[in-house]
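Notes for the one structure printed next.
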Amino acid sequence: DIMKRRSDKQGHNTYALKAACFEIYNEQVIDLLNPEAGPLQIRESRSQGFFIENLLVVDCQEVPDLMEVFKEGMRNRKVGAHALNRDSSRSHSALVMYVDRTTLDPETGDEIKQYGKITFVDLAGSERLKFSGSSGEMLKETGSINRSLFTLGKVISTLDKGEAFVPYRDSKLTKLLMDSLGGSSSC
């Protein structure tokens with residue numbers, strides 16, 4: 001358990017855990033820990049790939065801190081009622097955990113930093129207007145949800161076929177999941 005091993009027995013490794021929570025609502029990125037900030041911009045850099053500018057990231061000392069981040073995010077998430085579901089998610093949401101490890105090289109004493117990111121995503125379900133009876137604002141939400149899910153499916157299918165071009169940029173959801181979907185990791 002990473003929380004119990006924040007520093008190992010020899011003192012060579014230290015760990016830091018941070019978390020953030022956001023939703024993608026009608027193709028707008030909203031910080032669920034700071035919703036008053038309004039829609040946030042997605043930026044891209046060589047070192048980070050796609051990231052959310054000004055997303056509130058909270059230091060977590062223990063697992064209960066992480067759970068509080070999650071609960072606060074879920075309290076601020078957009079939900080609505082329609083003919084099929086009285087608590088229908090109107091957005092895709094994500095809890096992102098950032099794990100940083102600092103290791104001291106036993107020979108040189110130099111610090112070696114490693115960074116990890118784990119993204120837990122709750123996708124809003126696709127909806128058929130014929131059955132949900134959505135109208136007005138919910139109609140717009142349904143269209144946005146279905147388009148982003150279609151794009152996610154297209155990205156996964158493209159990756160599965162091994163095609164050279166993957167349409168990550170076609171939706172904010174796939175941009176932000178790019179490193180999880182088609183990235184590489186080492187353990």
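Residue numbering restarts at 1 in every chain; chains get A, B, ... in the order shown in the structure tokens, and ligands count up from 1 in that same order.
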
For range 31-43 of chain A, work out the shell of residues within 8 Å, counting only C-alpha atoms and skipping chain neighbours fewer than 3 positions away, then give it as an mmCIF file with N, CA, C and O atoms, in the first residue's frame.
```
data_model
loop_
_atom_site.group_PDB
_atom_site.id
_atom_site.type_symbol
_atom_site.label_atom_id
_atom_site.label_comp_id
_atom_site.auth_asym_id
_atom_site.auth_seq_id
_atom_site.Cartn_x
_atom_site.Cartn_y
_atom_site.Cartn_z
ATOM 1 N N ALA A 20 -6.818 15.355 -8.217
ATOM 2 C CA ALA A 20 -7.685 16.363 -8.824
ATOM 3 C C ALA A 20 -8.934 15.659 -9.327
ATOM 4 O O ALA A 20 -8.943 14.440 -9.528
ATOM 5 N N CYS A 21 -9.982 16.438 -9.526
ATOM 6 C CA CYS A 21 -11.244 15.871 -10.001
ATOM 7 C C CYS A 21 -11.880 16.862 -10.975
ATOM 8 O O CYS A 21 -11.957 18.050 -10.681
ATOM 9 N N PHE A 22 -12.284 16.364 -12.137
ATOM 10 C CA PHE A 22 -12.901 17.244 -13.130
ATOM 11 C C PHE A 22 -14.003 16.503 -13.862
ATOM 12 O O PHE A 22 -14.121 15.283 -13.791
ATOM 13 N N GLU A 23 -14.819 17.282 -14.584
ATOM 14 C CA GLU A 23 -15.844 16.701 -15.441
ATOM 15 C C GLU A 23 -15.767 17.357 -16.811
ATOM 16 O O GLU A 23 -15.268 18.481 -16.960
ATOM 17 N N GLN A 28 -17.099 21.043 -22.206
ATOM 18 C CA GLN A 28 -16.445 22.043 -21.371
ATOM 19 C C GLN A 28 -15.809 21.305 -20.199
ATOM 20 O O GLN A 28 -16.447 20.437 -19.589
ATOM 21 N N PHE A 50 -1.331 16.514 -23.197
ATOM 22 C CA PHE A 50 -2.501 17.345 -22.926
ATOM 23 C C PHE A 50 -2.705 17.448 -21.423
ATOM 24 O O PHE A 50 -2.580 16.467 -20.694
ATOM 25 N N PHE A 51 -3.034 18.642 -20.953
ATOM 26 C CA PHE A 51 -3.305 18.855 -19.538
ATOM 27 C C PHE A 51 -4.336 19.971 -19.395
ATOM 28 O O PHE A 51 -4.578 20.735 -20.330
ATOM 29 N N ILE A 52 -4.930 20.050 -18.228
ATOM 30 C CA ILE A 52 -5.946 21.068 -17.953
ATOM 31 C C ILE A 52 -5.274 22.224 -17.226
ATOM 32 O O ILE A 52 -4.740 22.040 -16.125
ATOM 33 N N GLU A 53 -5.313 23.377 -17.854
ATOM 34 C CA GLU A 53 -4.700 24.561 -17.268
ATOM 35 C C GLU A 53 -5.496 25.019 -16.042
ATOM 36 O O GLU A 53 -6.727 25.068 -16.083
ATOM 37 N N ASN A 54 -4.806 25.315 -14.959
ATOM 38 C CA ASN A 54 -5.387 25.836 -13.710
ATOM 39 C C ASN A 54 -6.289 24.846 -12.972
ATOM 40 O O ASN A 54 -7.115 25.259 -12.151
ATOM 41 N N LEU A 55 -6.142 23.562 -13.234
ATOM 42 C CA LEU A 55 -6.897 22.547 -12.489
ATOM 43 C C LEU A 55 -6.354 22.486 -11.060
ATOM 44 O O LEU A 55 -5.142 22.440 -10.851
ATOM 45 N N LEU A 56 -7.242 22.522 -10.085
ATOM 46 C CA LEU A 56 -6.833 22.466 -8.685
ATOM 47 C C LEU A 56 -6.362 21.049 -8.351
ATOM 48 O O LEU A 56 -7.120 20.084 -8.501
ATOM 49 N N VAL A 69 -11.432 14.143 -1.657
ATOM 50 C CA VAL A 69 -11.339 14.766 -2.979
ATOM 51 C C VAL A 69 -12.406 14.163 -3.892
ATOM 52 O O VAL A 69 -13.140 14.884 -4.572
ATOM 53 N N GLU A 72 -15.999 15.265 -2.763
ATOM 54 C CA GLU A 72 -16.265 16.664 -3.115
ATOM 55 C C GLU A 72 -16.535 16.790 -4.611
ATOM 56 O O GLU A 72 -17.446 17.495 -5.033
ATOM 57 N N GLY A 73 -15.747 16.096 -5.410
ATOM 58 C CA GLY A 73 -15.962 16.117 -6.855
ATOM 59 C C GLY A 73 -17.330 15.583 -7.232
ATOM 60 O O GLY A 73 -18.037 16.173 -8.063
ATOM 61 N N MET A 74 -17.739 14.484 -6.626
ATOM 62 C CA MET A 74 -19.040 13.887 -6.959
ATOM 63 C C MET A 74 -20.199 14.772 -6.503
ATOM 64 O O MET A 74 -21.249 14.802 -7.142
ATOM 65 N N ASN A 76 -20.235 17.928 -6.714
ATOM 66 C CA ASN A 76 -20.325 19.035 -7.665
ATOM 67 C C ASN A 76 -20.611 18.599 -9.097
ATOM 68 O O ASN A 76 -20.715 19.442 -9.986
ATOM 69 N N ARG A 77 -20.753 17.322 -9.327
ATOM 70 C CA ARG A 77 -20.977 16.801 -10.677
ATOM 71 C C ARG A 77 -22.392 17.098 -11.153
ATOM 72 O O ARG A 77 -23.339 17.141 -10.369
ATOM 73 N N LYS A 172 -12.569 16.419 -26.232
ATOM 74 C CA LYS A 172 -11.786 16.745 -25.028
ATOM 75 C C LYS A 172 -11.544 15.491 -24.198
ATOM 76 O O LYS A 172 -10.484 15.332 -23.604
#
```

Next item on the list: List every residue of range 14-71 of chain A that DSSP, applied to the backbone of this structure, places in strand (DSSP E or B), and write the result as a ChimeraX atom specification.
Entry: /A:14-25,28-31,39-40,42-45,49-52,58-60

Checklist line | Picked from range 7-183 of chain A by DSSP as helix (DSSP H, G or I), as a ChimeraX atom specification | finding: /A:35-37,63-75,129-132,137-161,168-170,172-176,178-181

Check: Which of these, A:Lys161, A:Lys154, A:Arg147, A:Lys18, has the shortest distance to Gly116 in chain A once you count only C-alpha atoms?
Finding: A:Lys18

For the contact check between range 38-87 of chain A and range 99-113 of chain A, emit one row per residue of range 38-87 of chain A within 12 Å, containing the shortest atom pair and the distance in Å rounded to one decimal, counting only C-alpha atoms, chain then rising number order, as CSV.
```
residue,atom,partner,partner_atom,distance
A:Val57,CA,A:Val99,CA,11.9
A:Val58,CA,A:Val99,CA,11.9
A:Asp59,CA,A:Val99,CA,10.3
A:Cys60,CA,A:Val99,CA,10.1
A:Gln61,CA,A:Val99,CA,11.5
A:Leu66,CA,A:Val99,CA,12.0
```

Note to self: At a cut-off of 12 Å, using only C-alpha atoms, what residues contact range 175-180 of chain A? Leave out same-chain residues fewer than 3 positions from it and give the result as a ChimeraX atom specification.
What the structure shows: /A:22-24,27,29,41-44,47-53,92-96,116-121,123,148,151-152,155-156,159,166-172,183-185

Serialized selection, C-alpha atoms, as a PDB file, in the first residue's frame:
```pdb
ATOM      1  CA  PHE A  22     -12.901  17.244 -13.130  1.00  0.00           C
ATOM      2  CA  GLU A  23     -15.844  16.701 -15.441  1.00  0.00           C
ATOM      3  CA  ILE A  24     -16.413  17.169 -19.137  1.00  0.00           C
ATOM      4  CA  GLU A  27     -17.391  19.604 -24.144  1.00  0.00           C
ATOM      5  CA  VAL A  29     -13.882  21.023 -18.744  1.00  0.00           C
ATOM      6  CA  GLN A  41      -8.709  25.235 -21.096  1.00  0.00           C
ATOM      7  CA  ILE A  42      -6.887  22.130 -22.290  1.00  0.00           C
ATOM      8  CA  ARG A  43      -3.299  22.870 -23.226  1.00  0.00           C
ATOM      9  CA  GLU A  44      -0.560  20.722 -24.714  1.00  0.00           C
ATOM     10  CA  SER A  47       6.657  17.234 -21.439  1.00  0.00           C
ATOM     11  CA  GLN A  48       3.060  16.834 -20.196  1.00  0.00           C
ATOM     12  CA  GLY A  49       1.074  16.082 -23.310  1.00  0.00           C
ATOM     13  CA  PHE A  50      -2.501  17.345 -22.926  1.00  0.00           C
ATOM     14  CA  PHE A  51      -3.305  18.855 -19.538  1.00  0.00           C
ATOM     15  CA  ILE A  52      -5.946  21.068 -17.953  1.00  0.00           C
ATOM     16  CA  GLU A  53      -4.700  24.561 -17.268  1.00  0.00           C
ATOM     17  CA  HIS A  92     -17.980  12.344 -17.878  1.00  0.00           C
ATOM     18  CA  SER A  93     -15.949  12.732 -14.696  1.00  0.00           C
ATOM     19  CA  ALA A  94     -12.428  11.785 -13.690  1.00  0.00           C
ATOM     20  CA  LEU A  95     -10.442  11.447 -10.497  1.00  0.00           C
ATOM     21  CA  VAL A  96      -6.749  11.831 -11.252  1.00  0.00           C
ATOM     22  CA  GLY A 116       3.025   8.494 -12.223  1.00  0.00           C
ATOM     23  CA  LYS A 117      -0.573   9.296 -13.001  1.00  0.00           C
ATOM     24  CA  ILE A 118      -3.648   7.136 -12.546  1.00  0.00           C
ATOM     25  CA  THR A 119      -6.952   8.321 -13.995  1.00  0.00           C
ATOM     26  CA  PHE A 120     -10.258   6.844 -12.848  1.00  0.00           C
ATOM     27  CA  VAL A 121     -13.022   7.773 -15.298  1.00  0.00           C
ATOM     28  CA  LEU A 123     -18.290   7.802 -18.330  1.00  0.00           C
ATOM     29  CA  SER A 148     -17.702  11.986 -27.086  1.00  0.00           C
ATOM     30  CA  THR A 151     -15.139   9.448 -30.567  1.00  0.00           C
ATOM     31  CA  LEU A 152     -13.785   7.333 -27.709  1.00  0.00           C
ATOM     32  CA  VAL A 155     -10.033   6.043 -30.941  1.00  0.00           C
ATOM     33  CA  ILE A 156     -10.067   2.587 -29.325  1.00  0.00           C
ATOM     34  CA  LEU A 159      -5.641   1.782 -31.755  1.00  0.00           C
ATOM     35  CA  VAL A 166      -5.414   8.185 -34.022  1.00  0.00           C
ATOM     36  CA  PRO A 167      -8.100  10.926 -33.746  1.00  0.00           C
ATOM     37  CA  TYR A 168      -7.409  11.937 -30.116  1.00  0.00           C
ATOM     38  CA  ARG A 169      -8.036  15.618 -30.894  1.00  0.00           C
ATOM     39  CA  ASP A 170     -11.650  14.992 -31.933  1.00  0.00           C
ATOM     40  CA  SER A 171     -12.957  15.378 -28.363  1.00  0.00           C
ATOM     41  CA  LYS A 172     -11.786  16.745 -25.028  1.00  0.00           C
ATOM     42  CA  GLY A 183       0.493   5.884 -23.936  1.00  0.00           C
ATOM     43  CA  SER A 184       3.284   3.713 -22.703  1.00  0.00           C
ATOM     44  CA  SER A 185       4.141   2.817 -19.148  1.00  0.00           C
TER      45      SER A 185
END
```

Notebook entry, point to check: Rounded to one decimal in Å, what is the spacing between CA of Tyr25 in chain A and CA of Leu173 in chain A?
Noted result: 10.0 Å

Item checked: Atomic distance CA of Leu149 in chain A - CA of Ala124 in chain A, expressed in Å with one decimal ->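 Rounded to one decimal, the two atoms are 8.5 Å apart.
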